[in-house]
Amino acid sequence: MTLSAIEGALVGKRVLVTGATGFIGGRLVERLVLEHGAEVRALVRNLAAAARLARFPVTVLRGDLASAPDLAVAIQGCDLVFHCAYGTSGSQKHRAWVNREGTRRVLEASRAAGVGRIVYLSTLMVYGQTGDGDLDETAPRRPFGNAYSDSKLEAERIALSSGLPVAVLQPTAVYGPYGGVWTEAVIKSLKTGRQILVNGGDGLGNAVYVDDLVSAMLLAAVRDAAVGEAFLISGEEPVTWRELYERFERMLGAERRTVDMTEAEALAHWKRWKRAQPHAVGEALRILKAEQPIRERIERTREGVWLREMASTVLPESVQQKIKSRLGSGGRPSRPAAAELPIHPMTPQMIGFFRPRTRVRIDKAKRLLGYRPAFDFETGMELTEKWARWANLL
Amino acid sequence: MAKPNPAKIRLAVVGCGAVAQIHHLPAIAASDRVEAAVLVDADEKRARALAERFGVPEVATDFKDLPGRVDAAVVALPNSLHAPVSVELLRRGVHVLVEKPMAMSVQECDEMIAAASAGRAVLAVGLDFRFFDASLFVRNLLRDGLIGPIRRFDLRQGVIPRWPFATDFLLKKEMAGGGVLADFGVHVLDLLLWWLGDLTATEYRDDAMGGVESDCEMTLATASGVTGTAEISRTRNLRNTCIFEGERATLEVGVWDPDPEIRLTIADRAVALAGRARPSESGAGSALNFTDVFIRQIDDFAKAVRGRGEPFVPGTEGRRSLALIEACYARKKPLELPWSVVSAGAGAGRETLQ
């Protein structure tokens with residue numbers, strides 16, 4: 001898409017991107033460099049994850065959001081900061097800390113460096129469990145009830161009350177090439193088990209193709225009307241969850257990988273699944289949770305590091321299933337018939353997430369940012385499928 | 001500290017990054033032919049920490065005073081330093097085992113080979129995949145023509161790295177010389193060259209746009225005109241095997257594992273053979289791991305240093321994969337990634353798209 005409205009506005013601008021090794025930050029960097037001629041810096045914790053980033057003439061700075069000196073060095077001299085990083089490793093508590101305190105530190109360093117604009121990537125989840133009907137930015141913010149969403153809500157409050165020139169974007173389900181939760185994890189989940197469609201999947205999935213979100217971020221970096229505001233960012237029209245999951249199902253072939261259930265059936269399945277979990281595992285996890293030194297020692301083992309990296313890319317409730325199937329299979333991944341595949345359990349919270357027919361309104365972003373989604377669901381998914389095939393995920 | 005053992009080759013390890021820590025130092029510690037006498041790194045703290053861990057008596061921040069103190073050196077520095085440091089050591093008679101890729105260019109390889117000859121020193125290249133039993137098995141099998149004349153070959157190698165990089169040199173073109181082709185690619189291209197003989201790159205595409213590539217694809221041809229493809233990635237988990245289609249059988253071998261599965265499928269037969277390569281005389285044998293491989297490599301180097309012949313992978317062999325990589329980069333075209341297209345709107349990005 002052409003952002004002719006802001007053409008030239010970012011040429012030669014010095015820009016810091018946090019989370020640049022990730023899905024959204026990674027695509028943002030590509031477009032900042034190739035499309036807008038910006039001078040990009042990336043603060044990177046894990047150099048092994050920077051291969052995609054290193055394809056471009058960007059300055060990769062090794063450092064951590066938790067380190068004030070690292071941030072000060074990275075932000076020094078920057079005109080613009082895109083804060084996309086969030087906690088992806090360690091305990092839920094640590095991840096929440098990174099979301100909250102990492103944001104606070106980015107803001108403090110930006111203040112010290114006199115940065116002209118900070119674009120903070122928040123989430124739709126700051127509105128908590130949503131109801132049927134239209135949702136816009138006037139809706140009350142409230143906790144969703146998990147560490148990620150609730151710490152992102154705190155971080156958003158910190159950003160908007162900082163008095164700094166901050167623009168906040170609240171994307172819906174972001175999908176596309178290199179996508180984690182709403183792309184790769186969905187594919188992997190449909191490969192290893194069957195997905196419950198709550199009430200037959202007639203709830204509305206508000207989804208946005210990554211390039212549309214990145215366009216909104218670029219607009220928020222340039223448009224003065226963005227300062228001090230939060231914007232919901234989604235595609236032009238929602239799809240039903242059934243349409244979304246069936247599109248991924250089609251990528252994998254003809255077999256059904258979804259199961260229709262009422263809310264009550266989904267809840268009963270969750271309870272059955274929970275009861276069936278071996279007690280020893282639960283007890284071991286409780287011990288690990290309580291005994292931090294033991295947990296840390298296990299987390300530092302090769303397997304521990306690997307498991308945490310794996311776990312960080314997927315939804316929490318599918319983590320156990322995924323790891324189990326990985327460890328169990330050995331050799332080549334086999335493809336059992338769909339009917340034999342387990343039905344992934346869905347937490348009551350996620351049942352609540354998939355139920356409503358919420359229609360996210362993007363009028364504010366259209367009005368103040370000039371945001372126009374360029375990818376409808378089918379076009380975005382076609383590109384996503386091409387990528388997924390190339391990435392050997394299908 | 002242990003006293004110097006006259007029966008062992010005294011080694012310096014120059015460059016204390018991840019490969020020294022994970023592979024070379026454990027292998028040296030386990031070998032009875034060599035001992036680490038000095039660890040050299042610009043970061044003295046890092047050298048000291050590793051010296052303590054592996055019981056190495058000395059550390060240094062400069063390689064220049066090594067001659068006289070050691071017999072040989074493992075050069076595990078960023079790629080751009082392989083040639084300058086090796087050349088200086090070799091000229092002054094210090095034997096060198098240099099990490100892969102051997103150098104940044106064929107010209108540098110030639111300078112290293114000449115320096116080894118001038119200093120009467122051994123130059124070995126750390127293309128450790130050649131020490132896998134499977135690699136030798138595949139070479140013999142192909143050379144003996146057991147699958148018949150080869151029709152085509154197809155190599156896919158890709159892993160998302162979890163390597164604990166000590167520095168960011170691999171992300172920088174001026175220090176790494178290239179991206180995934182120079183890093184992972186050199187291993188698998190070296191195997192193809194060893195298995196098939198000289199190869200010509202007829203097409204090469206990668207995704208670098210002003211930096212270093214993370215993904216590349218190429219078409220290769222053998223001297224007898226057999227063509228094949230290779231795809232190498234550090235952003236995707238690929239098949240990690242090479243398939244050779246012969247007239248009589250198809251051979252598939254893992255290319256990113258010291259003890260890969262080898263699969264032999266006889267044309268038009270329903271049942272295939274799948275198994276692991278083992279030394280002929282050792283009965284069932286056990287699975288080879290990377291520490292075993294690096295012990296084999298350092299022992300082979302020590303044997304060559306003691307004057308019993310060429311190392312298994314001499315400089316002239318290391319040069320071959322560099323020449324192929326150089327030829328690939330010389331004919332580079334952009335890799336087509338349909339989802340990655342941007343509208344080159346403003347500014348400097350436009351020319352990097354070309």
# chains A, B, ... in the order shown; residues from 1 in each chain; ligands from 1
call {"tool": "select_by_dssp", "arguments": {"residues": "segment 167-222 of chain A", "states": "strand (DSSP E or B)", "output": "list in words"}}
result
Ala167, Val168, Leu169, Gln170, Pro171, Ala173, Val174, Tyr175, Arg194, Gln195, Ile196, Leu197, Val198, Leu204, Gly205, Ala207, Val208 and Tyr209 of chain A
call {"tool": "write_last_selection", "arguments": {"atoms": "C-alpha atoms", "output": "compact mmCIF listing (two decimals), in the first residue's frame"}}
result
# COMPACT_ATOMS: atom_id res chain seq x y z
CA ALA A 167 0.21 7.70 20.37
CA VAL A 168 -1.30 4.38 21.39
CA LEU A 169 -2.50 1.74 18.95
CA GLN A 170 -4.82 -1.06 20.04
CA PRO A 171 -4.69 -3.73 17.36
CA ALA A 173 -5.96 -10.11 16.23
CA VAL A 174 -2.90 -9.38 14.09
CA TYR A 175 -2.12 -12.03 11.50
CA ARG A 194 -8.85 -29.81 16.86
CA GLN A 195 -10.05 -26.31 17.64
CA ILE A 196 -13.33 -25.71 19.43
CA LEU A 197 -15.62 -23.24 17.68
CA VAL A 198 -17.71 -21.73 20.45
CA LEU A 204 -16.92 -12.12 15.53
CA GLY A 205 -13.18 -12.21 15.07
CA ALA A 207 -8.54 -9.29 12.74
CA VAL A 208 -6.01 -7.08 11.03
CA TYR A 209 -3.35 -7.95 8.47
call {"tool": "residues_around", "arguments": {"residues": "Leu191 of chain B", "least_positions_apart": "6", "cutoff": "8 Å", "atoms": "only C-alpha atoms", "output": "JSON, numbers by chain"}}
result
{"B": [129, 130, 135]}
call {"tool": "write_last_selection", "arguments": {"atoms": "N, CA and C atoms", "output": "PDB file, in the first residue's frame"}}
result
ATOM      1  N   PHE B 129      31.596 -30.991   9.447  1.00  0.00           N
ATOM      2  CA  PHE B 129      30.570 -31.937   8.984  1.00  0.00           C
ATOM      3  C   PHE B 129      31.200 -33.104   8.208  1.00  0.00           C
ATOM      4  N   ARG B 130      32.396 -32.868   7.677  1.00  0.00           N
ATOM      5  CA  ARG B 130      33.055 -33.960   6.945  1.00  0.00           C
ATOM      6  C   ARG B 130      33.452 -35.107   7.873  1.00  0.00           C
ATOM      7  N   SER B 135      28.590 -38.594   6.488  1.00  0.00           N
ATOM      8  CA  SER B 135      29.129 -37.849   5.346  1.00  0.00           C
ATOM      9  C   SER B 135      30.049 -38.735   4.515  1.00  0.00           C
TER      10      SER B 135
END
call {"tool": "residues_around", "arguments": {"residues": "Arg117 of chain A", "least_positions_apart": "5", "cutoff": "9 Å", "atoms": "only C-alpha atoms", "output": "ChimeraX atom specification"}}
result
/A:79-82,110,164-167,220-222,227
call {"tool": "interface_residues", "arguments": {"of": "chain A", "to": "chain B", "cutoff": "9 Å", "atoms": "only C-alpha atoms", "output": "PyMOL selection string"}}
result
chain A and resi 1-4+7-12+27+30-38+46-58+60-62+176-177+306+380+382-384+386-387+390-393
call {"tool": "residues_around", "arguments": {"residues": "Ala42 of chain A", "least_positions_apart": "2", "cutoff": "10 Å", "atoms": "only C-alpha atoms", "output": "ChimeraX atom specification"}}
result
/A:15-21,25-26,29,40,44-45,50,53,58-63,74-75,82
call {"tool": "closest_residue", "arguments": {"among": "B:Phe301, B:Glu52, B:Leu199, B:Phe184", "to": "His95 of chain B", "atoms": "only C-alpha atoms"}}
result
B:Phe301
call {"tool": "atom_distance", "arguments": {"atom1": "atom CA of His269 of chain A", "atom2": "atom CA of Gly201 of chain A"}}
result
16.2 Å
call {"tool": "residues_around", "arguments": {"residues": "segment 142-151 of chain A", "least_positions_apart": "3", "cutoff": "9 Å", "atoms": "only C-alpha atoms", "output": "number ranges by chain"}}
result
A: 86-87, 92-93, 95-100, 123-129, 154-156, 349
call {"tool": "write_last_selection", "arguments": {"atoms": "N, CA and C atoms", "output": "PDB file, in the first residue's frame"}}
result
ATOM      1  N   TYR A  86       7.414  -6.680  24.186  1.00  0.00           N
ATOM      2  CA  TYR A  86       6.653  -7.104  25.360  1.00  0.00           C
ATOM      3  C   TYR A  86       7.301  -8.363  25.900  1.00  0.00           C
ATOM      4  N   GLY A  87       6.915  -8.715  27.124  1.00  0.00           N
ATOM      5  CA  GLY A  87       7.535  -9.874  27.772  1.00  0.00           C
ATOM      6  C   GLY A  87       7.204 -11.157  27.042  1.00  0.00           C
ATOM      7  N   GLN A  92       5.104 -15.637  34.033  1.00  0.00           N
ATOM      8  CA  GLN A  92       4.041 -14.669  33.727  1.00  0.00           C
ATOM      9  C   GLN A  92       4.303 -13.365  34.469  1.00  0.00           C
ATOM     10  N   LYS A  93       4.795 -13.501  35.699  1.00  0.00           N
ATOM     11  CA  LYS A  93       5.047 -12.325  36.530  1.00  0.00           C
ATOM     12  C   LYS A  93       6.143 -11.454  35.882  1.00  0.00           C
ATOM     13  N   ARG A  95       7.006 -11.458  32.718  1.00  0.00           N
ATOM     14  CA  ARG A  95       6.498 -10.895  31.459  1.00  0.00           C
ATOM     15  C   ARG A  95       5.659  -9.649  31.726  1.00  0.00           C
ATOM     16  N   ALA A  96       4.825  -9.741  32.771  1.00  0.00           N
ATOM     17  CA  ALA A  96       3.993  -8.591  33.126  1.00  0.00           C
ATOM     18  C   ALA A  96       4.883  -7.422  33.544  1.00  0.00           C
ATOM     19  N   TRP A  97       5.937  -7.744  34.249  1.00  0.00           N
ATOM     20  CA  TRP A  97       6.878  -6.709  34.688  1.00  0.00           C
ATOM     21  C   TRP A  97       7.512  -6.027  33.472  1.00  0.00           C
ATOM     22  N   VAL A  98       7.907  -6.835  32.494  1.00  0.00           N
ATOM     23  CA  VAL A  98       8.517  -6.267  31.279  1.00  0.00           C
ATOM     24  C   VAL A  98       7.510  -5.350  30.571  1.00  0.00           C
ATOM     25  N   ASN A  99       6.258  -5.791  30.483  1.00  0.00           N
ATOM     26  CA  ASN A  99       5.247  -4.979  29.804  1.00  0.00           C
ATOM     27  C   ASN A  99       5.077  -3.622  30.499  1.00  0.00           C
ATOM     28  N   ARG A 100       4.987  -3.673  31.804  1.00  0.00           N
ATOM     29  CA  ARG A 100       4.710  -2.470  32.579  1.00  0.00           C
ATOM     30  C   ARG A 100       5.965  -1.604  32.749  1.00  0.00           C
ATOM     31  N   THR A 123      -3.143  -3.154  22.910  1.00  0.00           N
ATOM     32  CA  THR A 123      -3.925  -4.298  22.429  1.00  0.00           C
ATOM     33  C   THR A 123      -5.415  -4.072  22.665  1.00  0.00           C
ATOM     34  N   LEU A 124      -6.215  -4.714  21.857  1.00  0.00           N
ATOM     35  CA  LEU A 124      -7.665  -4.716  22.071  1.00  0.00           C
ATOM     36  C   LEU A 124      -8.022  -5.251  23.459  1.00  0.00           C
ATOM     37  N   MET A 125      -7.150  -6.104  23.996  1.00  0.00           N
ATOM     38  CA  MET A 125      -7.446  -6.773  25.264  1.00  0.00           C
ATOM     39  C   MET A 125      -7.603  -5.789  26.431  1.00  0.00           C
ATOM     40  N   VAL A 126      -7.176  -4.541  26.261  1.00  0.00           N
ATOM     41  CA  VAL A 126      -7.336  -3.564  27.358  1.00  0.00           C
ATOM     42  C   VAL A 126      -8.814  -3.245  27.609  1.00  0.00           C
ATOM     43  N   TYR A 127      -9.704  -3.660  26.712  1.00  0.00           N
ATOM     44  CA  TYR A 127     -11.131  -3.450  26.947  1.00  0.00           C
ATOM     45  C   TYR A 127     -11.767  -4.634  27.688  1.00  0.00           C
ATOM     46  N   GLY A 128     -10.948  -5.589  28.093  1.00  0.00           N
ATOM     47  CA  GLY A 128     -11.464  -6.743  28.832  1.00  0.00           C
ATOM     48  C   GLY A 128     -12.353  -7.609  27.960  1.00  0.00           C
ATOM     49  N   GLN A 129     -13.237  -8.386  28.604  1.00  0.00           N
ATOM     50  CA  GLN A 129     -14.209  -9.189  27.857  1.00  0.00           C
ATOM     51  C   GLN A 129     -15.188  -8.223  27.201  1.00  0.00           C
ATOM     52  N   GLU A 154      -2.041  -1.655  32.124  1.00  0.00           N
ATOM     53  CA  GLU A 154      -1.279  -0.753  32.998  1.00  0.00           C
ATOM     54  C   GLU A 154      -0.279   0.061  32.180  1.00  0.00           C
ATOM     55  N   ALA A 155       0.389  -0.611  31.252  1.00  0.00           N
ATOM     56  CA  ALA A 155       1.405   0.071  30.436  1.00  0.00           C
ATOM     57  C   ALA A 155       0.764   1.175  29.598  1.00  0.00           C
ATOM     58  N   GLU A 156      -0.422   0.894  29.073  1.00  0.00           N
ATOM     59  CA  GLU A 156      -1.110   1.895  28.264  1.00  0.00           C
ATOM     60  C   GLU A 156      -1.460   3.130  29.103  1.00  0.00           C
ATOM     61  N   GLN A 349     -12.007 -18.422  30.214  1.00  0.00           N
ATOM     62  CA  GLN A 349     -11.683 -17.072  29.760  1.00  0.00           C
ATOM     63  C   GLN A 349     -11.712 -16.965  28.235  1.00  0.00           C
TER      64      GLN A 349
END
call {"tool": "atom_distance", "arguments": {"atom1": "atom CA of Leu218 of chain A", "atom2": "atom CA of Pro69 of chain A"}}
result
27.1 Å
call {"tool": "select_by_dssp", "arguments": {"residues": "segment 85-284 of chain A", "states": "helix (DSSP H, G or I)", "output": "VMD selection string"}}
result
chain A and resid 92 to 113 124 to 127 147 to 160 180 to 192 199 to 201 210 to 222 224 to 226 241 to 252 263 to 276 279 to 284
call {"tool": "atom_distance", "arguments": {"atom1": "atom CA of Ile262 of chain B", "atom2": "atom CA of Glu245 of chain B"}}
result
13.6 Å
